[in-house]
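Dropping upload34.cif in here (mmCIF, C-alpha atoms):
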```
data_input
#
loop_
_atom_site.label_atom_id
_atom_site.label_comp_id
_atom_site.auth_asym_id
_atom_site.auth_seq_id
_atom_site.Cartn_x
_atom_site.Cartn_y
_atom_site.Cartn_z
CA MET L 1 -13.42 14.25 -3.37
CA ASP L 2 -13.03 17.92 -4.29
CA LYS L 3 -11.80 18.10 -7.90
CA LYS L 4 -9.85 21.33 -7.50
CA ALA L 5 -8.06 20.09 -4.38
CA LYS L 6 -7.22 16.82 -6.11
CA ARG L 7 -5.84 18.72 -9.10
CA ILE L 8 -3.63 20.81 -6.80
CA LEU L 9 -2.35 17.69 -5.04
CA PHE L 10 -1.60 15.84 -8.26
CA SER L 11 0.01 18.81 -10.05
CA THR L 12 2.42 19.23 -7.15
CA TYR L 13 4.02 15.83 -7.77
CA TRP L 14 3.14 14.62 -11.26
CA LYS L 15 3.23 15.86 -14.87
CA ASN L 16 3.61 12.93 -17.26
CA GLY L 17 5.90 11.54 -14.57
CA TRP L 18 7.35 12.58 -11.21
CA ILE L 19 8.21 16.27 -10.85
CA ASP L 20 11.70 16.64 -9.42
CA VAL L 21 11.76 18.08 -5.88
CA LYS L 22 13.62 21.23 -6.96
CA ASN L 23 10.99 21.91 -9.66
CA ARG L 24 7.93 21.52 -7.45
CA SER L 25 5.89 24.64 -6.81
CA LEU L 26 2.83 25.12 -4.65
CA SER L 27 1.32 28.47 -3.79
CA GLU L 28 0.18 29.16 -0.26
CA SER L 29 -3.38 29.76 -1.45
CA ASP L 30 -3.50 26.46 -3.34
CA PHE L 31 -2.05 24.59 -0.37
CA ASN L 32 -4.57 26.17 2.00
CA TYR L 33 -7.43 25.28 -0.34
CA ALA L 34 -6.36 21.64 -0.68
CA LYS L 35 -5.76 21.50 3.07
CA SER L 36 -9.25 22.84 3.76
CA LYS L 37 -10.67 19.98 1.66
CA GLY L 38 -8.66 17.35 3.54
CA LEU L 39 -6.31 16.44 0.68
CA MET L 40 -3.12 18.19 1.80
CA PHE L 41 -1.52 18.47 5.21
CA ASP L 42 1.16 20.24 7.21
CA PRO L 43 4.49 18.41 7.61
CA LEU L 44 4.35 15.68 10.25
CA THR L 45 6.83 15.00 13.03
CA ILE L 46 6.28 11.83 15.02
CA SER L 47 8.46 9.26 16.77
CA HIS L 48 8.38 5.53 16.09
CA ASP L 49 6.80 4.85 19.49
CA GLU L 50 4.12 7.51 18.98
CA CYS L 51 3.40 6.08 15.54
CA ILE L 52 2.93 2.55 16.89
CA LEU L 53 0.59 3.82 19.62
CA ALA L 54 -1.44 5.76 17.04
CA ILE L 55 -1.69 2.73 14.74
CA THR L 56 -2.87 0.55 17.62
CA SER L 57 -5.56 3.10 18.48
CA LEU L 58 -6.72 3.44 14.86
CA VAL L 59 -7.05 -0.32 14.38
CA LYS L 60 -9.40 -0.48 17.38
CA GLY L 61 -11.74 1.95 15.62
CA ILE L 62 -11.84 0.13 12.27
CA SER L 63 -13.40 -3.26 11.57
CA GLN L 64 -12.29 -5.91 9.12
CA ALA L 65 -15.66 -5.55 7.40
CA GLN L 66 -15.02 -1.84 6.72
CA VAL L 67 -11.65 -2.28 5.02
CA THR L 68 -12.88 -5.30 3.05
CA LYS L 69 -15.83 -3.24 1.83
CA GLY L 70 -13.47 -0.41 0.89
CA PHE L 71 -11.25 -2.72 -1.13
CA LEU L 72 -14.10 -4.28 -3.06
CA SER L 73 -15.82 -0.93 -3.66
CA SER L 74 -12.61 0.38 -5.24
CA LEU L 75 -12.47 -2.19 -8.02
CA THR L 76 -14.84 -0.55 -10.49
CA SER L 77 -15.03 2.96 -9.02
CA ARG L 78 -11.21 3.28 -9.05
CA ARG L 79 -11.25 4.99 -5.67
CA LEU L 80 -7.82 3.58 -5.04
CA ASP L 81 -7.47 5.28 -1.66
CA TRP L 82 -10.20 2.92 -0.40
CA ARG L 83 -8.24 -0.04 -1.79
CA SER L 84 -5.04 0.84 0.03
CA SER L 85 -6.38 0.55 3.55
CA LEU L 86 -7.06 -3.18 3.46
CA ALA L 87 -3.30 -3.75 3.24
CA SER L 88 -2.55 -1.15 5.90
CA TYR L 89 -5.08 -2.73 8.25
CA ALA L 90 -3.65 -6.22 7.74
CA ILE L 91 -0.11 -4.95 8.27
CA ALA L 92 -1.13 -3.02 11.39
CA GLN L 93 -2.62 -6.13 12.96
CA LYS L 94 0.71 -7.93 12.63
CA ILE L 95 2.73 -5.26 14.44
CA PRO L 96 2.79 -5.79 18.23
CA SER L 97 2.84 -2.90 20.69
CA HIS L 98 6.52 -2.17 21.25
CA GLN L 99 9.22 0.44 21.54
CA TYR L 100 11.84 1.18 18.92
CA THR L 101 14.46 -1.57 18.84
CA PRO L 102 17.26 -0.65 16.41
CA VAL L 103 18.96 -3.18 14.15
CA ILE L 104 21.31 -2.54 11.25
CA SER L 105 19.50 -2.48 7.92
CA GLY L 106 22.36 -1.42 5.69
CA THR L 107 26.05 -0.54 5.66
CA SER L 108 28.09 1.91 3.58
CA TYR L 109 31.66 1.02 2.63
CA THR L 110 34.72 3.00 1.56
CA ASP L 111 37.70 1.08 0.19
CA GLY L 112 36.17 -2.11 1.53
CA GLU L 113 35.81 -0.75 5.04
CA PRO L 114 32.43 -0.08 6.72
CA THR L 115 31.93 3.65 7.25
CA ALA L 116 28.27 4.04 8.26
CA HIS L 117 25.20 2.01 9.15
CA SER L 118 21.50 2.61 8.57
CA TYR L 119 18.96 1.29 11.03
CA THR L 120 15.38 0.07 11.22
CA CYS L 121 13.23 -1.28 14.04
CA GLY L 122 13.91 -4.99 14.49
CA ILE L 123 10.48 -5.73 15.93
CA CYS L 124 8.72 -4.02 13.01
CA ARG L 125 11.01 -5.84 10.57
CA ASP L 126 10.33 -9.24 12.14
CA SER L 127 6.55 -8.73 12.24
CA GLN L 128 6.27 -9.50 8.53
CA TYR L 129 8.62 -9.34 5.58
CA GLY L 130 8.38 -5.82 4.13
CA ILE L 131 7.49 -3.92 7.32
CA ARG L 132 9.91 -1.20 8.39
CA GLY L 133 10.06 1.53 10.99
CA SER L 134 12.47 4.41 11.64
CA GLU L 135 13.28 5.81 15.07
CA SER L 136 11.72 9.17 14.24
CA TYR L 137 10.04 11.01 11.39
CA ASN L 138 10.83 14.72 11.24
CA GLU L 139 8.93 17.26 9.15
CA MET L 140 7.70 14.54 6.81
CA ASP L 141 5.83 15.48 3.64
CA ILE L 142 2.80 13.25 3.99
CA ASN L 143 1.10 14.89 1.01
CA VAL L 144 3.10 12.59 -1.25
CA PHE L 145 1.55 9.66 0.64
CA ASN L 146 -1.90 10.99 -0.19
CA PHE L 147 -0.99 11.48 -3.84
CA GLU L 148 0.27 7.90 -4.08
CA ARG L 149 -2.73 6.35 -2.35
CA ILE L 150 -5.22 8.23 -4.53
CA LYS L 151 -3.36 7.67 -7.81
CA TRP L 152 -2.19 4.07 -7.39
CA GLY L 153 -3.60 2.67 -4.15
CA GLY L 154 -0.45 3.41 -2.15
CA VAL L 155 3.21 2.68 -2.79
CA ARG L 156 4.82 2.45 0.65
CA HIS L 157 2.81 -0.28 2.32
CA GLY L 158 4.94 -1.65 5.10
CA ASP L 159 6.35 1.71 6.18
CA ILE L 160 4.72 2.32 9.57
CA LEU L 161 4.35 6.04 8.85
CA TYR L 162 2.32 5.22 5.73
CA THR L 163 0.28 2.67 7.71
CA TYR L 164 -0.57 5.35 10.26
CA PHE L 165 -1.45 7.96 7.64
CA ASP L 166 -3.50 5.59 5.48
CA LEU L 167 -5.62 4.36 8.40
CA SER L 168 -6.06 7.88 9.78
CA GLN L 169 -7.64 8.89 6.48
CA PHE L 170 -9.72 5.74 6.03
CA ILE L 171 -11.34 5.96 9.46
CA ASN L 172 -13.27 9.06 8.33
CA ALA L 173 -14.18 7.76 4.86
CA ASP L 174 -17.79 7.08 3.84
CA ILE L 175 -17.54 3.72 2.06
CA PRO L 176 -20.46 2.48 -0.08
CA GLU L 177 -21.49 -1.14 -0.37
CA PRO L 178 -19.72 -3.01 -3.18
CA THR L 179 -21.80 -3.37 -6.32
CA SER L 180 -22.48 -6.59 -8.20
CA ASP L 181 -19.90 -5.38 -10.75
CA ASP L 182 -17.32 -5.05 -7.97
CA ILE L 183 -17.95 -8.62 -6.84
CA ALA L 184 -17.83 -9.91 -10.41
CA CYS L 185 -14.53 -8.08 -10.92
CA PHE L 186 -13.02 -9.68 -7.83
CA ARG L 187 -14.20 -13.12 -8.93
CA ALA L 188 -12.52 -12.51 -12.30
CA ILE L 189 -9.29 -11.49 -10.53
CA LEU L 190 -9.33 -14.76 -8.60
CA THR L 191 -9.91 -16.70 -11.81
CA ILE L 192 -6.93 -15.02 -13.46
CA ILE L 193 -4.77 -15.95 -10.47
CA GLU L 194 -6.08 -19.52 -10.38
CA THR L 195 -5.32 -20.06 -14.08
CA SER L 196 -1.75 -18.77 -13.83
CA ASP L 197 0.96 -20.93 -15.36
CA SER L 198 3.02 -22.59 -12.65
CA SER L 199 6.16 -20.65 -13.59
CA ASP L 200 4.51 -17.22 -13.74
CA TYR L 201 6.17 -14.38 -11.87
CA PRO L 202 4.15 -11.46 -10.45
CA SER L 203 4.97 -9.47 -13.59
CA ALA L 204 3.13 -12.04 -15.72
CA LEU L 205 0.12 -11.86 -13.41
CA GLU L 206 0.11 -8.06 -13.71
CA LYS L 207 -0.18 -8.28 -17.49
CA ARG L 208 -2.98 -10.86 -17.35
CA LEU L 209 -5.02 -8.83 -14.88
CA ALA L 210 -5.36 -6.08 -17.49
CA SER L 211 -8.10 -8.13 -19.12
CA VAL L 212 -10.41 -8.08 -16.09
CA ILE L 213 -9.92 -4.76 -14.29
CA LYS L 214 -9.82 -1.25 -15.72
CA SER L 215 -6.43 -0.04 -14.52
CA SER L 216 -2.94 1.17 -15.32
CA LYS L 217 0.13 -1.03 -15.04
CA ALA L 218 1.12 0.70 -11.77
CA GLU L 219 -2.37 0.16 -10.31
CA ARG L 220 -2.20 -3.55 -11.09
CA GLN L 221 1.25 -3.83 -9.56
CA ILE L 222 -0.02 -2.28 -6.33
CA LEU L 223 -3.12 -4.48 -6.43
CA ILE L 224 -0.85 -7.53 -6.52
CA GLU L 225 1.25 -6.16 -3.65
CA ILE L 226 -1.92 -5.59 -1.61
CA LEU L 227 -3.13 -9.15 -2.23
CA ALA L 228 0.31 -10.47 -1.29
CA SER L 229 0.43 -8.41 1.92
CA LEU L 230 -2.89 -9.97 2.91
CA GLY L 231 -1.70 -13.51 2.24
CA VAL L 232 -4.14 -14.00 -0.64
CA LEU L 233 -1.04 -14.41 -2.80
CA LYS L 234 1.02 -16.59 -0.49
CA PRO L 235 4.32 -18.17 -1.55
CA ARG L 236 4.67 -21.84 -0.69
CA CYS L 237 8.38 -21.25 -0.15
CA PHE L 238 10.89 -18.40 -0.16
CA ASP L 239 13.82 -20.33 -1.60
CA ARG L 240 13.23 -19.04 -5.11
CA GLN L 241 15.39 -17.23 -7.61
CA ARG L 242 14.63 -13.58 -8.21
CA LYS L 243 14.04 -12.48 -11.78
CA GLY L 244 16.41 -9.56 -12.22
CA LYS L 245 16.01 -6.22 -10.50
CA ASN L 246 12.42 -5.40 -9.57
CA ASP L 247 10.31 -3.41 -7.12
CA TRP L 248 8.23 -6.28 -5.73
CA VAL L 249 8.11 -6.50 -1.93
CA PHE L 250 5.30 -8.65 -0.55
CA ALA L 251 4.83 -10.48 -3.88
CA GLU L 252 8.56 -11.07 -4.47
CA TYR L 253 8.44 -14.84 -3.97
CA TRP L 254 4.95 -15.62 -5.31
CA ARG L 255 4.81 -17.83 -8.39
CA GLY L 256 1.90 -19.02 -10.51
CA GLU L 257 1.96 -22.48 -8.97
CA ASP L 258 0.97 -20.92 -5.62
CA LYS L 259 -2.39 -19.74 -7.03
CA TYR L 260 -4.27 -18.05 -4.15
CA CYS L 261 -4.96 -18.97 -0.55
CA GLN L 262 -8.58 -20.10 -0.38
CA GLN L 263 -8.64 -19.87 3.41
CA THR L 264 -7.62 -16.20 3.38
CA VAL L 265 -10.09 -15.39 0.60
CA ASP L 266 -12.90 -17.07 2.55
CA HIS L 267 -11.96 -15.21 5.73
CA LEU L 268 -11.76 -11.76 4.14
CA PHE L 269 -14.28 -11.93 1.31
CA GLY L 270 -16.48 -14.95 1.98
CA GLU L 271 -19.49 -12.84 2.96
CA TYR L 272 -19.59 -11.34 -0.53
CA LEU L 273 -18.55 -14.37 -2.57
CA THR L 274 -21.28 -16.59 -1.15
CA ARG L 275 -24.13 -14.24 -1.95
#
```

Mind turning this structure into structure tokens?
Amino acid sequence: MDKKAKRILFSTYWKNGWIDVKNRSLSESDFNYAKSKGLMFDPLTISHDECILAITSLVKGISQAQVTKGFLSSLTSRRLDWRSSLASYAIAQKIPSHQYTPVISGTSYTDGEPTAHSYTCGICRDSQYGIRGSESYNEMDINVFNFERIKWGGVRHGDILYTYFDLSQFINADIPEPTSDDIACFRAILTIIETSDSSDYPSALEKRLASVIKSSKAERQILIEILASLGVLKPRCFDRQRKGKNDWVFAEYWRGEDKYCQQTVDHLFGEYLTR
């Protein structure tokens, strides 16, 4: 990854925190340089139906083995963009080929009366909790997607536009074989999950993972979300009380008593764990 291009990408969005949209600045020469290195892109306009077709095509060109290798290889290298695509691939496989089917996703009220509705695709929504799709995406800044996937391993897993972008970048990536340290790190992650207290929320798991993987809090939160999107962290039920306001999506209803799904771990990672 070109260091100058990465610096341009990061400095566009982040300086000890998010840079407000009105305060962002990016020169044409810097943008063209980062674009030439494959780290920044022109705005994207695409419809829901075009996005679903593109995702379907991308999945056909990527194997489960490739995204599993990318995830494991990210654990000690901290190439978090490689980590992101395992979730995107799993999500993509759950979305059937379909056309946009609008359903109401939210309603605005004035004086107790509904004044406006927001919509999402009902088929995307029903594919798995957390998946969402808009009718169209117009002049979208996908550079922020790339910033998020490189810095944290993605933030918007479940948004079909992010799924498309993430897989379109991964398909051209040169992924190395996971090292013995990567495998040891993943085993340690599983041990931390397995030894969770029965009442632990995802936030407690995030704190405990700090002892076994070099990472920031945000990286660990996304790691948990990725594992939950895969079904490695799989709630036994969804009739559980939420713990205040939080940003969890796929891991919202996981608790320590659920541990991890051995069947999913064996399916995705068994080749490496049995060596």

Shell around Leu227 of chain L at 10 Å using all atoms listed in the file, local window under 2 positions removed, as a ChimeraX atom specification: /L:86-87,222-225,229-234,250-251,260,265

Test item: the PyMOL selection byres ((chain L and resi 12) around 12) resolved as number ranges by chain: L: 5-11, 13-27, 30-31, 34, 40, 141, 143-144, 146-148

What does the file look like for those residues with C-alpha atoms, as a compact mmCIF listing (two decimals), in the coordinates of the input?
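Output (again_32.txt):
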```
# COMPACT_ATOMS: atom_id res chain seq x y z
CA ALA L 5 -8.06 20.09 -4.38
CA LYS L 6 -7.22 16.82 -6.11
CA ARG L 7 -5.84 18.72 -9.10
CA ILE L 8 -3.63 20.81 -6.80
CA LEU L 9 -2.35 17.69 -5.04
CA PHE L 10 -1.60 15.84 -8.26
CA SER L 11 0.01 18.81 -10.05
CA TYR L 13 4.02 15.83 -7.77
CA TRP L 14 3.14 14.62 -11.26
CA LYS L 15 3.23 15.86 -14.87
CA ASN L 16 3.61 12.93 -17.26
CA GLY L 17 5.90 11.54 -14.57
CA TRP L 18 7.35 12.58 -11.21
CA ILE L 19 8.21 16.27 -10.85
CA ASP L 20 11.70 16.64 -9.42
CA VAL L 21 11.76 18.08 -5.88
CA LYS L 22 13.62 21.23 -6.96
CA ASN L 23 10.99 21.91 -9.66
CA ARG L 24 7.93 21.52 -7.45
CA SER L 25 5.89 24.64 -6.81
CA LEU L 26 2.83 25.12 -4.65
CA SER L 27 1.32 28.47 -3.79
CA ASP L 30 -3.50 26.46 -3.34
CA PHE L 31 -2.05 24.59 -0.37
CA ALA L 34 -6.36 21.64 -0.68
CA MET L 40 -3.12 18.19 1.80
CA ASP L 141 5.83 15.48 3.64
CA ASN L 143 1.10 14.89 1.01
CA VAL L 144 3.10 12.59 -1.25
CA ASN L 146 -1.90 10.99 -0.19
CA PHE L 147 -0.99 11.48 -3.84
CA GLU L 148 0.27 7.90 -4.08
```

Resolved residues for the PyMOL selection byres ((chain L and resi 47-55) around 10) as a PyMOL selection string: chain L and resi 45-46+56-60+88-89+92-93+95-101+121+124+133-138+160-168

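Evaluated against this file, the PyMOL selection byres ((chain L and resi 218-221) around 10) yields Arg78, Leu80, Lys151, Trp152, Gly153, Gly154, Val155, Pro202, Ser203, Leu205, Glu206, Lys207, Arg208, Leu209, Ala210, Ile213, Lys214, Ser215, Ser216, Lys217, Ile222, Leu223, Ile224, Glu225, Ile226, Asp247, Trp248 and Ala251 of chain L.
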
Atom CA of Ser199 of chain L to atom CA of Asp266 of chain L, distance in Å rounded to a single decimal: 25.2 Å

Contact residues around Thr68 of chain L with only C-alpha atoms at 10 Å, ignoring same-chain residues under 6 positions, as a ChimeraX atom specification: /L:82-83,85-87,89,178,268-269,272

Proximity to Ala204 of chain L - best of L:Thr179, L:Asp111, L:Gln263, L:Arg255, all atoms listed in the file: L:Arg255

Test item: residues at most 9 Å from Gln66 of chain L, only C-alpha atoms, excluding those fewer than 4 positions along its chain, as a list in words: Ile62, Gly70, Phe71, Leu86 and Ile175 of chain L

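For the residues L:Lys4, L:Arg275, L:Arg156, L:Arg236, ranking by smallest atom-to-atom distance to Ala184 of chain L using all atoms listed in the file places L:Arg275 first.
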
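Atom CA of Ala116 of chain L lies 10.0 Å from atom CA of Ile104 of chain L.
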
Residue neighbourhood Lys243 of chain L, 10 Å, only C-alpha atoms, exclusion window fewer than 2 positions, as an MDAnalysis selection string: chainID L and resid 201 203 240:241 245:246 252:253

Centre, x/y/z edge lengths, axis-aligned box for segment 96-108 of chain L with 4 Å per side, as AutoDock Vina command-line options:
```
--center_x 15.4 --center_y -1.9 --center_z 12.6 --size_x 33.3 --size_y 15.7 --size_z 26.0
```

From L:Met1, L:Met140, L:Ile171, L:Ala65, residue lying nearest His267 of chain L [all atoms listed in the file]: L:Ala65

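Here atom CA of Thr191 of chain L and atom CA of Lys94 of chain L stand 28.1 Å from one another.
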
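When only C-alpha atoms are used to compute distances to Ala228 of chain L, the closest of the residues L:Asp81, L:Asp182, L:Asp258, L:Asp200 turns out to be L:Asp258.
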
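Taking only C-alpha atoms into account, Ile123 of chain L lies nearest to L:Pro102 out of the set L:Ile193, L:Pro102, L:Leu72, L:Gly270.
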
Pick from L:Ser77, L:Ser84, L:Ala90, L:Ile142 nearest to Lys35 of chain L, counting only C-alpha atoms: L:Ile142

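Look at Gly106 of chain L: the protein and nucleic acid residues within 12 Å of it, using only C-alpha atoms and passing over chain neighbours fewer than 2 places away, are Pro102, Val103, Ile104, Ser108, Tyr109, Pro114, Thr115, Ala116, His117, Ser118, Tyr119 and Thr120 of chain L.
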
With the input short on atoms, add N, CA, C and O atoms back to segment 84-103 of chain L and write it as a tab-separated table (two decimals), in the coordinates of the input.
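Written output follows (out_28.tsv):
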```tsv
chain	number	residue	atom	x	y	z
L	84	SER	N	-6.30	0.86	-0.71
L	84	SER	CA	-5.04	0.84	0.03
L	84	SER	C	-5.19	0.36	1.46
L	84	SER	O	-4.33	-0.36	1.99
L	85	SER	N	-6.28	0.74	2.10
L	85	SER	CA	-6.38	0.55	3.55
L	85	SER	C	-6.54	-0.90	3.98
L	85	SER	O	-6.27	-1.22	5.14
L	86	LEU	N	-6.97	-1.77	3.10
L	86	LEU	CA	-7.06	-3.18	3.46
L	86	LEU	C	-5.67	-3.73	3.77
L	86	LEU	O	-5.48	-4.47	4.75
L	87	ALA	N	-4.68	-3.33	2.98
L	87	ALA	CA	-3.30	-3.75	3.24
L	87	ALA	C	-2.78	-3.12	4.52
L	87	ALA	O	-2.15	-3.80	5.34
L	88	SER	N	-3.03	-1.83	4.70
L	88	SER	CA	-2.55	-1.15	5.90
L	88	SER	C	-3.14	-1.76	7.16
L	88	SER	O	-2.45	-1.91	8.18
L	89	TYR	N	-4.41	-2.12	7.09
L	89	TYR	CA	-5.08	-2.73	8.25
L	89	TYR	C	-4.48	-4.10	8.56
L	89	TYR	O	-4.20	-4.42	9.73
L	90	ALA	N	-4.24	-4.89	7.53
L	90	ALA	CA	-3.65	-6.22	7.74
L	90	ALA	C	-2.24	-6.11	8.30
L	90	ALA	O	-1.85	-6.87	9.20
L	91	ILE	N	-1.48	-5.16	7.78
L	91	ILE	CA	-0.11	-4.95	8.27
L	91	ILE	C	-0.14	-4.49	9.72
L	91	ILE	O	0.63	-4.96	10.56
L	92	ALA	N	-1.04	-3.55	10.03
L	92	ALA	CA	-1.13	-3.02	11.39
L	92	ALA	C	-1.43	-4.10	12.41
L	92	ALA	O	-0.91	-4.07	13.54
L	93	GLN	N	-2.26	-5.06	12.03
L	93	GLN	CA	-2.62	-6.13	12.96
L	93	GLN	C	-1.45	-7.05	13.28
L	93	GLN	O	-1.47	-7.76	14.29
L	94	LYS	N	-0.43	-7.04	12.42
L	94	LYS	CA	0.71	-7.93	12.63
L	94	LYS	C	1.82	-7.27	13.45
L	94	LYS	O	2.78	-7.94	13.84
L	95	ILE	N	1.70	-5.97	13.70
L	95	ILE	CA	2.73	-5.26	14.44
L	95	ILE	C	2.35	-5.21	15.92
L	95	ILE	O	1.34	-4.61	16.28
L	96	PRO	N	3.12	-5.83	16.80
L	96	PRO	CA	2.79	-5.79	18.23
L	96	PRO	C	3.10	-4.42	18.83
L	96	PRO	O	3.88	-3.64	18.26
L	97	SER	N	2.48	-4.12	19.95
L	97	SER	CA	2.84	-2.90	20.69
L	97	SER	C	4.28	-3.05	21.17
L	97	SER	O	4.64	-4.06	21.76
L	98	HIS	N	5.11	-2.07	20.88
L	98	HIS	CA	6.52	-2.17	21.25
L	98	HIS	C	7.19	-0.81	21.15
L	98	HIS	O	6.62	0.14	20.61
L	99	GLN	N	8.40	-0.74	21.68
L	99	GLN	CA	9.22	0.44	21.54
L	99	GLN	C	10.29	0.19	20.49
L	99	GLN	O	10.61	-0.95	20.14
L	100	TYR	N	10.84	1.28	19.99
L	100	TYR	CA	11.84	1.18	18.92
L	100	TYR	C	13.03	0.34	19.37
L	100	TYR	O	13.62	0.57	20.43
L	101	THR	N	13.36	-0.65	18.55
L	101	THR	CA	14.46	-1.57	18.84
L	101	THR	C	15.38	-1.60	17.63
L	101	THR	O	15.09	-2.29	16.65
L	102	PRO	N	16.46	-0.81	17.63
L	102	PRO	CA	17.26	-0.65	16.41
L	102	PRO	C	18.07	-1.89	16.02
L	102	PRO	O	18.64	-2.57	16.87
L	103	VAL	N	18.07	-2.18	14.74
L	103	VAL	CA	18.96	-3.18	14.15
L	103	VAL	C	19.52	-2.59	12.87
L	103	VAL	O	18.90	-1.72	12.25
```
